[in-house]
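K.L.:
Pasting structure-v6.txt below, which is compact mmCIF, C-alpha atoms.
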# COMPACT_ATOMS: atom_id res chain seq x y z
CA MET Q 1 97.41 62.24 135.21
CA LEU Q 2 97.37 62.83 131.44
CA ASN Q 3 97.82 59.11 130.73
CA THR Q 4 94.97 58.27 133.10
CA CYS Q 5 92.66 60.73 131.32
CA THR Q 6 93.66 59.38 127.92
CA GLN Q 7 92.99 55.80 129.02
CA TRP Q 8 89.60 56.80 130.44
CA MET Q 9 88.63 58.56 127.20
CA GLU Q 10 89.52 55.44 125.23
CA GLU Q 11 87.15 53.40 127.39
CA VAL Q 12 84.18 55.76 127.16
CA LEU Q 13 81.77 54.60 124.46
CA LEU Q 14 81.02 57.81 122.61
CA ALA Q 15 78.59 58.03 119.71
CA ASN Q 16 80.07 56.83 116.43
CA TRP Q 17 79.85 60.23 114.76
CA THR Q 18 82.14 61.81 117.39
CA ARG Q 19 85.11 59.67 116.41
CA SER Q 20 86.15 62.02 113.63
CA ILE Q 21 85.11 65.37 115.09
CA LYS Q 22 87.49 68.12 116.06
CA ARG Q 23 87.11 71.70 117.13
CA SER Q 24 86.25 73.91 114.19
CA GLU Q 25 88.75 76.24 112.56
CA LEU Q 26 86.63 79.13 113.83
CA GLN Q 27 86.87 77.96 117.43
CA GLU Q 28 90.61 77.47 117.09
CA MET Q 29 90.86 80.97 115.70
CA LEU Q 30 88.82 82.39 118.58
CA TYR Q 31 91.60 81.30 120.92
CA GLU Q 32 94.46 82.23 118.61
CA ALA Q 33 93.08 85.69 117.92
CA SER Q 34 92.40 86.46 121.58
CA THR Q 35 96.03 87.43 122.07
CA PRO Q 36 96.04 91.24 122.46
CA ASP Q 37 98.84 91.86 119.95
CA ILE Q 38 97.10 89.98 117.11
CA ILE Q 39 94.91 91.88 114.67
CA SER Q 40 92.03 89.54 113.90
CA LEU Q 41 90.22 89.79 110.59
CA ALA Q 42 89.06 86.22 111.12
CA LEU Q 43 85.82 85.84 113.02
CA GLY Q 44 82.48 87.40 112.06
CA LEU Q 45 82.25 89.44 115.25
CA PRO Q 46 80.27 92.67 115.43
CA ALA Q 47 81.99 95.84 116.64
CA PRO Q 48 81.65 95.93 120.46
CA GLU Q 49 81.79 99.73 120.54
CA LEU Q 50 78.58 99.78 118.47
CA PHE Q 51 76.56 97.67 120.90
CA PRO Q 52 73.67 99.74 122.33
CA ARG Q 53 74.74 98.85 125.86
CA GLU Q 54 73.05 101.72 127.68
CA ALA Q 55 69.76 101.20 125.86
CA VAL Q 56 69.83 97.44 126.50
CA SER Q 57 70.68 98.15 130.15
CA ARG Q 58 67.63 100.38 130.46
CA ALA Q 59 65.45 97.71 128.85
CA ALA Q 60 66.76 94.98 131.16
CA ALA Q 61 66.23 97.18 134.21
CA HIS Q 62 62.67 97.86 133.09
CA VAL Q 63 61.93 94.14 132.73
CA LEU Q 64 63.49 93.28 136.10
CA GLY Q 65 61.76 96.14 137.85
CA ASN Q 66 58.28 95.59 136.46
CA ASP Q 67 57.87 91.83 136.07
CA GLU Q 68 58.37 89.57 139.07
CA ARG Q 69 58.44 86.58 136.72
CA SER Q 70 61.18 88.04 134.56
CA LEU Q 71 63.71 85.38 135.63
CA GLN Q 72 61.20 82.51 135.68
CA TYR Q 73 60.48 79.84 133.11
CA GLY Q 74 57.85 81.11 130.74
CA PRO Q 75 56.35 81.08 127.26
CA PRO Q 76 58.02 82.92 124.36
CA SER Q 77 57.44 86.68 124.24
CA GLN Q 78 54.34 87.48 122.20
CA LEU Q 79 55.34 91.13 122.10
CA LEU Q 80 58.67 90.26 120.51
CA LYS Q 81 56.91 88.09 117.94
CA LYS Q 82 54.74 91.06 117.00
CA GLN Q 83 57.82 93.26 116.66
CA ILE Q 84 59.55 90.67 114.48
CA VAL Q 85 56.57 90.74 112.11
CA GLY Q 86 57.42 94.41 111.61
CA LEU Q 87 61.10 93.62 111.07
CA MET Q 88 60.23 91.01 108.47
CA ALA Q 89 58.08 93.55 106.64
CA GLN Q 90 61.22 95.68 106.28
CA ARG Q 91 62.87 92.68 104.60
CA GLY Q 92 59.94 92.39 102.20
CA VAL Q 93 58.33 89.40 103.90
CA THR Q 94 54.68 89.33 104.93
CA CYS Q 95 53.97 87.05 107.90
CA HIS Q 96 51.99 86.97 111.13
CA GLU Q 97 52.77 86.23 114.77
CA ASP Q 98 51.62 82.61 114.60
CA GLN Q 99 54.36 81.95 112.04
CA ILE Q 100 57.15 83.32 114.27
CA PHE Q 101 59.11 80.85 116.39
CA LEU Q 102 61.65 82.33 118.83
CA THR Q 103 65.06 80.70 119.27
CA ALA Q 104 68.29 81.12 121.19
CA GLY Q 105 70.02 82.56 118.13
CA ALA Q 106 70.28 81.50 114.49
CA GLN Q 107 72.54 78.57 115.36
CA GLN Q 108 69.81 77.02 117.48
CA GLY Q 109 67.33 77.71 114.70
CA MET Q 110 69.43 75.64 112.29
CA SER Q 111 69.80 72.89 114.87
CA LEU Q 112 66.08 72.69 115.64
CA LEU Q 113 65.03 72.64 111.98
CA THR Q 114 67.62 69.97 111.23
CA ARG Q 115 66.27 67.81 114.04
CA LEU Q 116 62.78 68.31 112.68
CA LEU Q 117 63.60 67.47 109.06
CA LEU Q 118 66.67 65.24 108.81
CA ASN Q 119 66.87 61.51 109.48
CA PRO Q 120 70.22 59.83 110.24
CA GLN Q 121 72.08 59.20 106.97
CA GLY Q 122 69.55 61.42 105.22
CA THR Q 123 70.37 63.75 102.33
CA VAL Q 124 71.06 67.48 102.40
CA LEU Q 125 71.70 69.81 99.46
CA VAL Q 126 74.30 72.46 100.22
CA GLU Q 127 76.80 74.71 98.47
CA GLU Q 128 80.39 73.51 98.12
CA LYS Q 129 81.54 76.29 100.44
CA SER Q 130 79.25 76.79 103.41
CA TYR Q 131 79.12 78.17 106.92
CA THR Q 132 81.04 75.88 109.27
CA GLY Q 133 78.40 76.19 112.00
CA PHE Q 134 75.84 74.59 109.72
CA GLN Q 135 78.25 71.81 108.86
CA GLN Q 136 78.63 71.10 112.57
CA VAL Q 137 74.85 71.01 113.02
CA ILE Q 138 74.34 68.26 110.43
CA GLU Q 139 77.49 66.26 111.24
CA PRO Q 140 75.89 64.02 113.92
CA TYR Q 141 73.38 62.79 111.33
CA GLN Q 142 76.22 61.66 109.03
CA PRO Q 143 74.22 62.81 106.01
CA ASN Q 144 74.74 62.26 102.33
CA LEU Q 145 75.69 65.69 101.00
CA LEU Q 146 74.70 66.85 97.53
CA THR Q 147 76.79 69.88 96.64
CA VAL Q 148 76.46 72.67 94.09
CA GLY Q 149 78.78 75.49 93.16
CA THR Q 150 78.42 79.21 93.82
CA ASP Q 151 78.86 81.94 91.23
CA SER Q 152 80.92 84.84 92.58
CA GLU Q 153 78.43 87.37 91.18
CA THR Q 154 74.98 85.78 91.44
CA GLY Q 155 75.25 83.14 94.15
CA MET Q 156 74.18 79.50 94.33
CA ASP Q 157 74.16 77.50 91.09
CA VAL Q 158 70.38 77.06 90.88
CA SER Q 159 70.64 75.23 87.55
CA ALA Q 160 72.69 72.56 89.33
CA VAL Q 161 70.03 72.40 92.05
CA GLU Q 162 67.40 71.83 89.38
CA ALA Q 163 69.48 69.10 87.74
CA ILE Q 164 69.81 67.27 91.06
CA LEU Q 165 66.11 67.48 91.86
CA SER Q 166 65.00 66.56 88.34
CA SER Q 167 67.19 63.45 88.50
CA GLY Q 168 65.02 62.10 91.31
CA SER Q 169 67.01 63.07 94.40
CA ARG Q 170 64.88 64.30 97.30
CA PRO Q 171 67.04 65.89 99.99
CA ALA Q 172 65.54 66.54 103.40
CA PHE Q 173 66.19 70.22 102.73
CA ILE Q 174 68.30 72.76 100.87
CA TYR Q 175 70.51 75.06 102.95
CA ALA Q 176 70.83 78.56 101.48
CA MET Q 177 72.15 82.00 102.43
CA SER Q 178 70.50 84.48 100.09
CA ASP Q 179 72.26 87.62 101.40
CA GLY Q 180 75.81 88.20 102.67
CA HIS Q 181 76.86 84.58 102.12
CA ASN Q 182 79.23 83.21 104.74
CA PRO Q 183 82.01 82.80 103.66
CA LEU Q 184 81.75 84.09 100.07
CA GLY Q 185 80.05 87.45 100.71
CA VAL Q 186 77.89 87.10 97.58
CA SER Q 187 74.11 87.60 97.48
CA LEU Q 188 71.71 85.50 95.44
CA SER Q 189 70.33 87.31 92.39
CA ALA Q 190 66.60 88.11 92.25
CA GLN Q 191 66.12 85.75 89.31
CA LYS Q 192 67.80 82.90 91.15
CA ARG Q 193 65.74 83.54 94.30
CA ALA Q 194 62.51 83.25 92.35
CA ARG Q 195 63.69 80.11 90.56
CA LEU Q 196 64.99 78.39 93.72
CA ALA Q 197 61.68 79.03 95.49
CA GLU Q 198 59.84 77.61 92.45
CA LEU Q 199 61.98 74.47 92.59
CA ALA Q 200 61.33 73.99 96.30
CA ARG Q 201 57.61 74.29 95.68
CA ALA Q 202 57.57 72.06 92.61
CA TYR Q 203 59.65 69.25 94.13
CA ARG Q 204 58.33 69.63 97.70
CA VAL Q 205 61.78 70.16 99.19
CA PRO Q 206 62.08 72.68 102.05
CA ILE Q 207 64.70 75.43 102.04
CA ILE Q 208 66.37 76.44 105.29
CA GLU Q 209 67.23 80.08 104.64
CA ASP Q 210 69.94 81.46 106.93
CA ASP Q 211 69.59 85.26 106.95
CA ALA Q 212 71.97 86.25 109.75
CA TYR Q 213 73.28 89.23 107.73
CA GLY Q 214 70.32 90.36 105.65
CA PHE Q 215 69.71 93.57 107.61
CA LEU Q 216 73.30 94.72 107.05
CA TYR Q 217 73.13 96.02 103.48
CA TYR Q 218 75.17 98.90 102.07
CA GLY Q 219 73.27 100.06 99.02
CA ASP Q 220 69.62 100.18 98.10
CA ARG Q 221 67.20 97.96 100.00
CA PRO Q 222 67.95 94.43 98.73
CA THR Q 223 65.63 91.97 97.03
CA PRO Q 224 63.38 90.19 99.56
CA PRO Q 225 64.80 86.95 100.94
CA LEU Q 226 63.66 83.58 99.65
CA ARG Q 227 60.86 83.59 102.21
CA GLY Q 228 59.38 86.51 100.29
CA PHE Q 229 58.98 84.20 97.26
CA ASP Q 230 57.33 81.27 99.04
CA ASP Q 231 55.69 80.95 102.47
CA GLN Q 232 55.24 77.17 102.56
CA TRP Q 233 58.58 75.69 101.53
CA VAL Q 234 61.05 78.32 102.78
CA TYR Q 235 61.87 78.27 106.50
CA TYR Q 236 63.56 81.56 107.31
CA ILE Q 237 66.09 81.98 110.15
CA GLY Q 238 66.81 85.46 111.53
CA SER Q 239 69.04 86.63 114.37
CA PHE Q 240 69.64 89.60 116.65
CA SER Q 241 73.31 88.66 117.07
CA LYS Q 242 74.77 90.87 114.34
CA ILE Q 243 72.28 93.75 114.67
CA LEU Q 244 71.90 94.03 118.46
CA GLY Q 245 74.24 91.76 120.43
CA PRO Q 246 75.28 88.10 120.13
CA ALA Q 247 75.34 87.52 123.90
CA LEU Q 248 71.58 88.03 124.00
CA ARG Q 249 71.31 84.68 122.19
CA SER Q 250 68.03 85.49 120.51
CA GLY Q 251 66.74 84.80 117.04
CA TRP Q 252 63.68 83.58 115.22
CA ILE Q 253 62.31 81.27 112.56
CA VAL Q 254 59.49 82.12 110.15
CA LEU Q 255 57.74 78.95 108.99
CA PRO Q 256 54.27 77.52 108.36
CA GLU Q 257 52.32 77.65 111.61
CA ALA Q 258 51.29 73.99 111.22
CA LEU Q 259 54.91 73.01 111.99
CA ILE Q 260 55.27 75.10 115.15
CA PRO Q 261 53.70 72.58 117.62
CA LYS Q 262 56.24 69.90 116.65
CA LEU Q 263 59.10 72.39 116.60
CA SER Q 264 58.07 73.55 120.08
CA ILE Q 265 58.49 70.01 121.38
CA VAL Q 266 61.94 69.79 119.79
CA LYS Q 267 62.96 73.09 121.41
CA GLU Q 268 61.59 72.13 124.82
CA ALA Q 269 63.88 69.11 124.77
CA SER Q 270 66.77 71.42 123.95
CA ASP Q 271 66.50 74.30 126.44
CA ILE Q 272 63.05 74.33 128.15
CA ASP Q 273 62.51 77.92 126.91
CA THR Q 274 65.13 79.48 129.18
CA ALA Q 275 66.00 82.47 126.99
CA THR Q 276 62.81 84.34 127.83
CA PHE Q 277 64.56 87.07 129.84
CA ALA Q 278 66.59 88.06 126.78
CA GLN Q 279 63.42 87.98 124.67
CA ARG Q 280 61.61 90.30 127.09
CA THR Q 281 64.61 92.61 127.26
CA ILE Q 282 64.76 92.90 123.47
CA ALA Q 283 61.02 93.54 123.33
CA ALA Q 284 61.37 96.30 125.95
CA TYR Q 285 64.27 97.74 123.94
CA PHE Q 286 62.12 97.89 120.80
CA GLU Q 287 59.30 99.54 122.73
CA ALA Q 288 61.47 102.33 124.13
CA GLU Q 289 64.35 102.86 121.70
CA ASN Q 290 64.79 103.86 118.05
CA PHE Q 291 66.08 100.64 116.51
CA GLU Q 292 66.02 102.08 113.00
CA ASP Q 293 68.54 104.74 113.98
CA HIS Q 294 70.75 102.07 115.53
CA LEU Q 295 70.54 99.88 112.44
CA ALA Q 296 71.27 102.81 110.13
CA GLY Q 297 74.35 103.59 112.22
CA LEU Q 298 75.59 100.01 111.87
CA ARG Q 299 75.16 100.15 108.11
CA ARG Q 300 77.06 103.44 107.81
CA GLU Q 301 79.96 102.27 109.94
CA TYR Q 302 80.25 98.82 108.41
CA LYS Q 303 80.12 100.29 104.91
CA THR Q 304 83.03 102.55 105.87
CA ARG Q 305 84.95 99.56 107.15
CA ARG Q 306 84.15 97.52 104.05
CA ASN Q 307 85.40 100.33 101.81
CA THR Q 308 88.52 100.67 103.94
CA MET Q 309 89.29 96.98 103.51
CA VAL Q 310 88.64 97.02 99.74
CA ASN Q 311 90.92 100.03 99.28
CA ALA Q 312 93.63 98.44 101.44
CA LEU Q 313 93.42 95.22 99.43
CA SER Q 314 93.83 97.21 96.21
CA ASP Q 315 96.83 99.05 97.62
CA LYS Q 316 98.64 96.20 99.34
CA PHE Q 317 97.69 92.80 97.90
CA PRO Q 318 99.30 91.14 94.87
CA SER Q 319 97.94 92.29 91.53
CA ASP Q 320 96.90 88.73 90.69
CA ALA Q 321 94.67 88.38 93.77
CA ARG Q 322 90.91 88.67 93.34
CA TRP Q 323 87.93 89.57 95.49
CA GLY Q 324 84.39 90.84 95.28
CA ILE Q 325 82.74 93.79 97.03
CA PRO Q 326 79.81 92.54 99.14
CA GLU Q 327 76.62 94.55 99.13
CA THR Q 328 75.45 92.76 102.29
CA GLY Q 329 77.11 91.10 105.26
CA VAL Q 330 80.53 91.40 106.89
CA PHE Q 331 82.91 89.20 104.84
CA ILE Q 332 85.19 89.54 101.84
CA TRP Q 333 86.35 86.37 100.09
CA VAL Q 334 89.84 86.69 98.61
CA GLU Q 335 91.37 84.38 96.04
CA LEU Q 336 95.16 84.43 96.09
CA PRO Q 337 97.48 83.12 93.37
CA ALA Q 338 97.21 79.36 92.91
CA GLU Q 339 100.62 78.55 94.37
CA ILE Q 340 99.72 79.99 97.79
CA ASP Q 341 98.40 77.61 100.44
CA ALA Q 342 96.23 79.82 102.67
CA THR Q 343 96.47 77.43 105.62
CA ALA Q 344 100.27 77.54 105.51
CA LEU Q 345 100.08 81.31 104.97
CA LEU Q 346 98.04 81.67 108.15
CA LYS Q 347 100.86 80.17 110.21
CA VAL Q 348 103.25 82.73 108.76
CA ALA Q 349 100.72 85.53 109.31
CA ILE Q 350 100.17 84.71 112.98
CA LYS Q 351 103.75 83.89 113.89
CA LYS Q 352 105.57 86.58 111.94
CA GLU Q 353 103.04 89.36 111.36
CA ARG Q 354 100.56 88.89 114.27
CA VAL Q 355 97.46 88.97 112.10
CA ALA Q 356 94.71 86.37 111.65
CA PHE Q 357 92.21 85.34 108.97
CA ILE Q 358 90.29 82.15 108.14
CA PRO Q 359 91.66 79.94 105.34
CA GLY Q 360 89.07 79.18 102.69
CA GLN Q 361 89.59 75.44 103.04
CA SER Q 362 87.85 75.62 106.44
CA PHE Q 363 84.49 76.20 104.72
CA THR Q 364 84.60 73.47 102.11
CA VAL Q 365 82.15 70.57 102.04
CA ASN Q 366 83.11 67.02 101.06
CA GLY Q 367 86.80 67.87 100.94
CA ASP Q 368 86.59 70.32 98.02
CA SER Q 369 90.18 71.43 97.44
CA ARG Q 370 89.48 74.43 95.20
CA ALA Q 371 89.55 76.89 98.11
CA GLY Q 372 93.09 76.07 99.21
CA ASN Q 373 94.41 79.43 97.98
CA CYS Q 374 91.47 81.45 99.34
CA LEU Q 375 90.82 83.26 102.59
CA ARG Q 376 87.87 84.91 104.31
CA LEU Q 377 88.31 88.36 105.82
CA ASN Q 378 85.95 90.08 108.26
CA PHE Q 379 85.56 93.88 108.24
CA SER Q 380 82.95 94.45 110.97
CA HIS Q 381 85.02 93.89 114.11
CA CYS Q 382 88.13 96.04 113.71
CA SER Q 383 88.34 99.80 113.39
CA PRO Q 384 89.32 101.22 109.98
CA GLY Q 385 92.85 101.85 111.25
CA LEU Q 386 93.27 98.26 112.39
CA ILE Q 387 91.79 96.99 109.12
CA GLU Q 388 94.43 98.89 107.14
CA ALA Q 389 97.18 97.62 109.42
CA GLY Q 390 95.84 94.07 109.25
CA ILE Q 391 95.71 94.00 105.45
CA GLU Q 392 99.24 95.38 105.29
CA ARG Q 393 100.42 92.65 107.65
CA ILE Q 394 98.76 89.91 105.58
CA ALA Q 395 100.40 91.38 102.48
CA GLU Q 396 103.74 91.18 104.27
CA ALA Q 397 102.99 87.57 105.18
CA ILE Q 398 102.24 86.82 101.52
CA GLY Q 399 105.60 88.32 100.59
CA ARG Q 400 107.37 86.19 103.19
CA TYR Q 401 105.53 83.09 101.97
CA ARG Q 402 106.35 83.73 98.32
CA ASN Q 403 109.98 84.34 99.11
CA GLY Q 404 110.12 80.85 100.53
CA LEU Q 405 108.72 79.21 97.39
CA SER Q 406 110.53 77.95 94.31
CA PHE Q 407 108.38 78.98 91.38
CA GLY Q 408 108.03 76.70 88.37
CA ALA Q 409 108.07 77.94 84.81
CA ASN Q 410 104.36 77.32 84.36
CA ARG Q 411 101.59 78.53 86.62
CA MET Q 412 98.25 76.83 87.06
CA PRO Q 413 95.37 78.69 85.36
CA ARG Q 414 93.56 81.09 87.68
CA GLN Q 415 90.11 80.15 88.88
CA SER Q 416 87.34 82.22 90.41
CA ALA Q 417 85.89 81.53 93.86
CA SER Q 418 83.19 79.45 92.19
CA GLY Q 419 85.75 77.35 90.33
CA ASP Q 420 85.03 79.00 86.97
CA ALA Q 421 87.40 81.19 85.00
CA SER Q 422 86.52 84.86 85.57
CA PRO Q 423 88.13 88.26 85.09
CA GLU Q 424 89.80 89.95 87.99
CA LYS Q 425 87.44 92.04 90.06
CA ARG Q 426 89.27 94.97 91.60
CA ASP Q 427 86.58 97.68 91.61
CA GLN Q 428 86.86 100.41 94.20
CA ALA Q 429 84.04 100.72 96.71
Just dump the structure as structure tokens.
P.N.:
Amino acid sequence: MLNTCTQWMEEVLLANWTRSIKRSELQEMLYEASTPDIISLALGLPAPELFPREAVSRAAAHVLGNDERSLQYGPPSQLLKKQIVGLMAQRGVTCHEDQIFLTAGAQQGMSLLTRLLLNPQGTVLVEEKSYTGFQQVIEPYQPNLLTVGTDSETGMDVSAVEAILSSGSRPAFIYAMSDGHNPLGVSLSAQKRARLAELARAYRVPIIEDDAYGFLYYGDRPTPPLRGFDDQWVYYIGSFSKILGPALRSGWIVLPEALIPKLSIVKEASDIDTATFAQRTIAAYFEAENFEDHLAGLRREYKTRRNTMVNALSDKFPSDARWGIPETGVFIWVELPAEIDATALLKVAIKKERVAFIPGQSFTVNGDSRAGNCLRLNFSHCSPGLIEAGIERIAEAIGRYRNGLSFGANRMPRQSASGDASPEKRDQA
């Protein structure tokens, strides 16, 4: 039977771009980490015990009980658009309902904007280490990728962006995460936000701003996203996945209203607006519940978990490992000593210590090899106790790995996550 299936697959004429595709490292990890005895610090999952299940249940019951068309095809929820205008005001962005476009999550938002803006073999400007889901979105277009580095303190190398644009390159768009960068955890400095928006405006190059984590901040209210610096060339993507529940599959785009008719046609071809029940349920939730209290609770708990992870890293990890402390988002990027291959380490961690993380190499663009000794850790999903146990297990795996190595007399010079020499950052949260 297997041979028959293999022969059939060889005869099916799939699109050219599919010849080299494989399931992402994140999808592989989803299956690996589903084993009950594995502590997973890998995927960017929210904490299920923090989902407002009872409140969402009440909202869904209200929609089902009061609207006979609640399960029917229908237009996007105008009430939810109005509520999102209020949410955006909290992020420092002024917009109106006609600029809000509802999506089935941030991932669909990226996909729809890419279809709108990118031609096959077109050009995209992206950071050297970027969210794998975005890389999957653009892969079918087989684009030419222009890459820039990321500073571990201030975010995207905007000077490199300017150099690329001033040289005459005109990418279809720039992909940016201004807050809680996935995977690096860094947030773009205010100065760089203003400059990047200026460049987009001056060179007429759109920015797709992925703000999946912007509402999860752990200090003072952060600088407004890039959309707050320009309302014509920044197309903002938001999501309810990390702040309400990913299974609701609801998000939004803020963009110039002139583009919405064309984007609506692109979306209709994708899903015929079938997520309207979730949209109505979220709108009913906002009408009846105190979302601000819920969001404040998420921030308190995730800050506790972040601090727990940082303290555990300081206690258990090698003294020559480095990491930052994110002010936003749910990830910590760790740079291990140069001789450690994080992909090989993962095999030891899962097999011997029953703990999972994502190797940094999984996020690289254009085969960048400078993340081979790095790993991304998530602190939102596990309880503080499991976080401590997970970090201890990874530390044990590092010890096992190092014991199996033959060390040379000379070590390679240490590099920061951005590829530049930098001092060790081991501050306590």
K.L.:
Please report, as a tab-separated table, each residue of region 77-149 of chain Q lying at most 12 Å from region 204-214 of chain Q, together with the nearest pair of atoms and the separation in Å rounded to one decimal; use all atoms listed in the file, and order rows by chain and ascending residue number.
P.N.:
residue	atom	partner	partner_atom	distance
Q:Leu87	CA	Q:Gly214	CA	11.2
Q:Met88	CA	Q:Gly214	CA	10.5
Q:Gln90	CA	Q:Gly214	CA	10.6
Q:Arg91	CA	Q:Gly214	CA	7.9
Q:Gly92	CA	Q:Gly214	CA	11.1
Q:Gly105	CA	Q:Ala212	CA	9.4
Q:Ala106	CA	Q:Ala212	CA	6.9
Q:Gln107	CA	Q:Asp210	CA	9.3
Q:Gln108	CA	Q:Asp210	CA	11.4
Q:Gly109	CA	Q:Asp210	CA	9.0
Q:Met110	CA	Q:Ile208	CA	7.7
Q:Ser111	CA	Q:Ile208	CA	10.8
Q:Leu112	CA	Q:Ile208	CA	11.0
Q:Leu113	CA	Q:Ile208	CA	7.8
Q:Thr114	CA	Q:Ile208	CA	8.9
Q:Leu116	CA	Q:Pro206	CA	11.5
Q:Leu117	CA	Q:Pro206	CA	8.9
Q:Leu118	CA	Q:Pro206	CA	11.1
Q:Thr123	CA	Q:Val205	CA	11.2
Q:Val124	CA	Q:Val205	CA	10.2
Q:Leu125	CA	Q:Ile207	CA	9.3
Q:Val126	CA	Q:Ile207	CA	10.2
Q:Ser130	CA	Q:Asp210	CA	11.0
Q:Tyr131	CA	Q:Asp210	CA	9.8
Q:Gly133	CA	Q:Asp210	CA	11.2
Q:Phe134	CA	Q:Asp210	CA	9.5
K.L.:
Name the residues in contact with Ala296 (chain Q) at a cut-off of 9 Å, using only C-alpha atoms, excluding same-chain residues fewer than 5 positions from it; report them as a list in words.
P.N.:
Leu216, Phe291 and Glu301 of chain Q
K.L.:
Take CA of Ile164 (chain Q) and CA of Gln121 (chain Q) and report the distance between them in Å, one decimal.
P.N.:
18.0 Å
K.L.:
When distances are computed from all atoms listed in the file, which of Q:Glu388, Q:Glu292, Q:Glu353, Q:Asp157 shows the smallest separation from Val310 (chain Q)?
P.N.:
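For Val310 (chain Q), the nearest of the candidates is Q:Glu388.
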K.L.:
Using only C-alpha atoms, find the one residue out of Q:Val56, Q:Leu13, Q:Val365, Q:Cys382 that sits nearest to Ala283 (chain Q).
P.N.:
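Ranking Q:Val56, Q:Leu13, Q:Val365, Q:Cys382 by distance to Ala283 (chain Q), first place goes to Q:Val56.
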K.L.:
Rounded to one decimal in Å, what is the spacing between CA of Asn403 (chain Q) and CA of Leu386 (chain Q)?
P.N.:
25.5 Å
K.L.:
So, with only C-alpha atoms as the atoms that count, which of Q:Val158, Q:Ala269, Q:Cys95, Q:Ala60 lies closest to Gln232 (chain Q)?
P.N.:
Q:Cys95
K.L.:
Residues near region 253-260 of chain Q, anyone? I mean within 7 Å using all atoms listed in the file, not counting same-chain ones fewer than 5 positions away, as a PyMOL selection string.
P.N.:
chain Q and resi 98-102+109+231-232+235-238
K.L.:
Go ahead and dump the residues you just picked, C-alpha atoms, as a short mmCIF file (atom, residue, chain, number, x, y, z; two decimals), in the frame of the given file.
P.N.:
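Final file, part-v4.cif:
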data_model
loop_
_atom_site.label_atom_id
_atom_site.label_comp_id
_atom_site.auth_asym_id
_atom_site.auth_seq_id
_atom_site.Cartn_x
_atom_site.Cartn_y
_atom_site.Cartn_z
CA ASP Q 98 51.62 82.61 114.60
CA GLN Q 99 54.36 81.95 112.04
CA ILE Q 100 57.15 83.32 114.27
CA PHE Q 101 59.11 80.85 116.39
CA LEU Q 102 61.65 82.33 118.83
CA GLY Q 109 67.33 77.71 114.70
CA ASP Q 231 55.69 80.95 102.47
CA GLN Q 232 55.24 77.17 102.56
CA TYR Q 235 61.87 78.27 106.50
CA TYR Q 236 63.56 81.56 107.31
CA ILE Q 237 66.09 81.98 110.15
CA GLY Q 238 66.81 85.46 111.53
#
K.L.:
Excluding Thr150 (chain Q) and residues on its chain fewer than 6 positions from it, collect all residues at most 12 Å away from it, counting only C-alpha atoms, and give them as number ranges by chain.
P.N.:
Q: 126-130, 156-161, 176-178, 181-189, 192, 364, 416-420
K.L.:
Could you tell me how far CA of Pro337 (chain Q) lies from CA of Cys374 (chain Q), in Å and to one decimal?
P.N.:
8.6 Å
K.L.:
Looking at Q:Arg280, Q:Lys267, Q:Arg115, Q:Lys242, which one is nearest to Leu80 (chain Q), with distances taken over all atoms listed in the file?
P.N.:
Q:Arg280
K.L.:
Kindly write N, CA and C atoms of region 255-265 of chain Q from the structure just given to a file, as a short mmCIF file (atom, residue, chain, number, x, y, z; two decimals), in the first residue's frame.
P.N.:
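The result, stored in decode_37.cif:
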data_model
loop_
_atom_site.label_atom_id
_atom_site.label_comp_id
_atom_site.auth_asym_id
_atom_site.auth_seq_id
_atom_site.Cartn_x
_atom_site.Cartn_y
_atom_site.Cartn_z
N LEU Q 255 -5.74 49.28 7.69
CA LEU Q 255 -5.08 49.73 6.47
C LEU Q 255 -5.91 50.82 5.81
N PRO Q 256 -5.36 51.50 4.82
CA PRO Q 256 -6.13 52.55 4.13
C PRO Q 256 -7.43 51.98 3.56
N GLU Q 257 -8.52 52.67 3.79
CA GLU Q 257 -9.82 52.15 3.38
C GLU Q 257 -9.93 51.95 1.88
N ALA Q 258 -9.13 52.67 1.09
CA ALA Q 258 -9.17 52.51 -0.37
C ALA Q 258 -8.77 51.09 -0.79
N LEU Q 259 -8.00 50.39 0.06
CA LEU Q 259 -7.54 49.04 -0.29
C LEU Q 259 -8.54 47.95 0.12
N ILE Q 260 -9.50 48.28 0.95
CA ILE Q 260 -10.39 47.26 1.51
C ILE Q 260 -11.26 46.58 0.45
N PRO Q 261 -11.81 47.27 -0.57
CA PRO Q 261 -12.59 46.55 -1.58
C PRO Q 261 -11.81 45.43 -2.27
N LYS Q 262 -10.56 45.69 -2.64
CA LYS Q 262 -9.75 44.64 -3.28
C LYS Q 262 -9.40 43.54 -2.29
N LEU Q 263 -9.09 43.92 -1.06
CA LEU Q 263 -8.76 42.90 -0.06
C LEU Q 263 -9.98 42.04 0.24
N SER Q 264 -11.17 42.61 0.19
CA SER Q 264 -12.39 41.85 0.42
C SER Q 264 -12.57 40.76 -0.64
N ILE Q 265 -12.22 41.08 -1.87
CA ILE Q 265 -12.32 40.08 -2.93
C ILE Q 265 -11.32 38.95 -2.70
#
